[in-house]
Amino acid sequence: MLLYNSLTRTREEFVPNAEGKVSMYTCGPTVYHYAHIGNLRSYIMEDILEKYLRYVGYDVTRVMNITDVGHLTSDADTGEDKMLKGAKREKKTVLEIAQFYTDAFFADCKKLNIKTPDVVAPATTCIDEFIRVIESLIEKGYAYEAGGNIYFDTSKLKQYYVFNDFKEEDLEVGVREGVEEDSNKRNKADFVLWFTKSKFDDQELKWDSPWGIGYPGWHIECSCISMKHLGEYLDIHCGGIDNAFPHHTNEIAQSEAFVGHKWCNYWFHVHHLNTNSGKMSKSSGEFLTVSLLESKGYDPLVYRLFCLQSHYRKSLVFSYENLDNAATAYKKLVAKIAALLKEESGEIEPAVFDERKAAFRAALDNDMNTSLGVTALYDVLKAKTTPATKLSLIADFDRVLGLDLIPAAEKQRKAEEEAKVAVSDDPFIREIEEMIARRVQAKKDKNYALADEIRATLAAKGVTLIDTPQGTQYKIQ
């Protein structure tokens with residue numbers, strides 16, 4: 001299995017630290033508002049990765065944080081706190097806001113068939129861990145106090161910019177959007193580990209600490225939550241590409257300074273979902289959420305298929321036209337599978353099953369190429385094999401793809417049967433079907449004159465017969 005590692009910028013064979021076991025960490029949402037579908041693209045692709053690792057036999061433990069405190073509006077650790085901003089907007093407490101939008105996030109995940117991680121840890125439940133790690137960083141000389149805040153000293157590192165080749169002058173005030181000067185910092189790249197009340201007098205959530213009453217910075221929470229639940233050696237860290245710098249860069253800096261060795265082996269970054277006007281965000285254009293798509297008549301799993309049709313390391317452009325194409329593709333897939341369910345299933349052909357499964361695995365082993373994985377699914381439908389083989393393969397692939405294909409097909413088949421029963425109660429329909437049955441028997445008896453007479457009688461009633469390999473169908477004028 002090859003995975004692109006953002007840290008080394010190469011595709012590498014995936015080898016976990018412990019044989020047969022995978023530790024996986026996912027940056028969770030900042031729960032101050034609904035997640036938009038751009039956020040959710042990352043979680044869909046991370047879900048595919050986790051499910052595929054389980055599919056091929058790994059014992060996976062996946063941890064996700066919930067940022068319910070400490071995430072500022074600027075990557076430079078400045079500006080208004082997002083949680084406080086949400087609380088002011090809705091005139092609720094920060095914890096009320098956090099709980100409401102945490103529930104909303106996982107409701108969206110359920111609609112998209114995104115598995116809930118094994119451990120979900122809100123930042124507010126791990127304050128003691130943050131303080132303990134920050135104290136250690138100070139003792140080791142990697143952190144300092146200035147202006148009432150605790151900062152990480154990036155000058156102590158051999159290499160800070162591990163994901164991109166930034167230069168110090170690239171972070172000068174005004175060069176990068178959102179960067180503001182903080183006169184307390186010794187170096188431009190230093191970042192806050194703990195804020196005190198001196199900076200946030202109106203902050204609702206505060207905790208006592210050795211440095212005064214305050215609360216943690218955004219970056220420290222992921223390091224601490226990951227190490228608390230997964231230990232000092234992490235296999236895979238996931239997140240959106242916009243988190244690579246500074247968030248994941250800062251995570252690596254503080255984590256490796258704390259543990260004294262390499263912390264995480266593989267970094268899995270999902271690229272942006274864009275609109276025609278640029279990167280999707282909560283503050284620009286139409287606020288695209290799962291609920292909005294549902295209100296427009298889209299099944300959330302259509303959006304999941306839309307995401308799977310593109311590689312996670314490519315930016316994906318959202319438009320309703322593109323989503324309509326995915327909706328049509330999903331509808332056709334379900335219809336073909338519903339037709340399979342009506343056929344005599346036969347026996348599963350092991351050789352065909354193994355061959356098709358190998359093609360699916362080859363696609364996902366190739367840096368999680370979900371587009372080729374979907375192609376492998378279509379190839380199954382076109383294959384010359386029994387319905388039982390096809391249905392078994394579809395169910396097997398869907399353990400990873402998460403499109404609910406067979407349940408959706410069964411639902412469609414049931415609806416068709418119920419509609420057929422309802423139609424059969426119509427006296428005119430019953431008459432048509434009885435006459436068609438008589439015509440079929442007449443043709444078996446080679447009584448073609450009677451068969452033609454029945455066709456003509458139905459035509460006079462406005463019913464056109466259509467003989468197909470699957471039987472006689474009819475159309476009422």
# chains A, B, ... in the order shown; residues from 1 in each chain; ligands from 1
$ residues_around --residues "A:Glu221" --least-positions-apart "6" --cutoff "12 Å" --atoms "only C-alpha atoms" --output "count of residues only"
37
$ select_by_dssp --residues "stretch 127-341 of chain A" --states "alpha helix (DSSP H)" --output "count of residues only"
74
$ residues_around --residues "A:Leu391" --least-positions-apart "2" --cutoff "9 Å" --atoms "only C-alpha atoms" --output "short mmCIF file (atom, residue, chain, number, x, y, z; two decimals) with C-alpha atoms, in the first residue's frame"
data_model
loop_
_atom_site.label_atom_id
_atom_site.label_comp_id
_atom_site.auth_asym_id
_atom_site.auth_seq_id
_atom_site.Cartn_x
_atom_site.Cartn_y
_atom_site.Cartn_z
CA ILE A 337 -28.07 -3.13 -8.63
CA LEU A 340 -29.54 -7.56 -10.23
CA LEU A 341 -31.62 -8.24 -7.14
CA SER A 345 -28.61 -15.06 -8.16
CA VAL A 380 -18.03 -5.51 -11.67
CA LEU A 381 -21.43 -4.52 -13.05
CA THR A 386 -23.39 -14.42 -11.86
CA PRO A 387 -25.55 -11.86 -10.04
CA ALA A 388 -24.47 -13.48 -6.77
CA THR A 389 -20.82 -12.73 -7.59
CA LEU A 393 -18.35 -7.81 -4.72
CA ILE A 394 -20.50 -4.68 -4.51
CA ALA A 395 -21.17 -5.33 -0.81
CA ASP A 396 -17.46 -5.98 -0.27
CA ILE A 406 -27.29 -2.51 -1.84
#
$ closest_residue --among "A:Ala437, A:Val15, A:Met368, A:Leu333" --to "A:Lys382" --atoms "only C-alpha atoms"
A:Leu333
$ residues_around --residues "A:Leu273" --least-positions-apart "4" --cutoff "12 Å" --atoms "only C-alpha atoms" --output "list in words"
His36, Ile37, Gly38, Asn39, Leu40, Arg41, Ser42, Gly240, Ile241, Asp242, Ser277, Gly278, Lys279, Met280, Ser281, Leu288, Tyr303, Phe306, Cys307, Ser310, His311, Tyr312, Arg313, Lys314, Ser315, Leu316, Val317, Phe318 and Ser319 of chain A
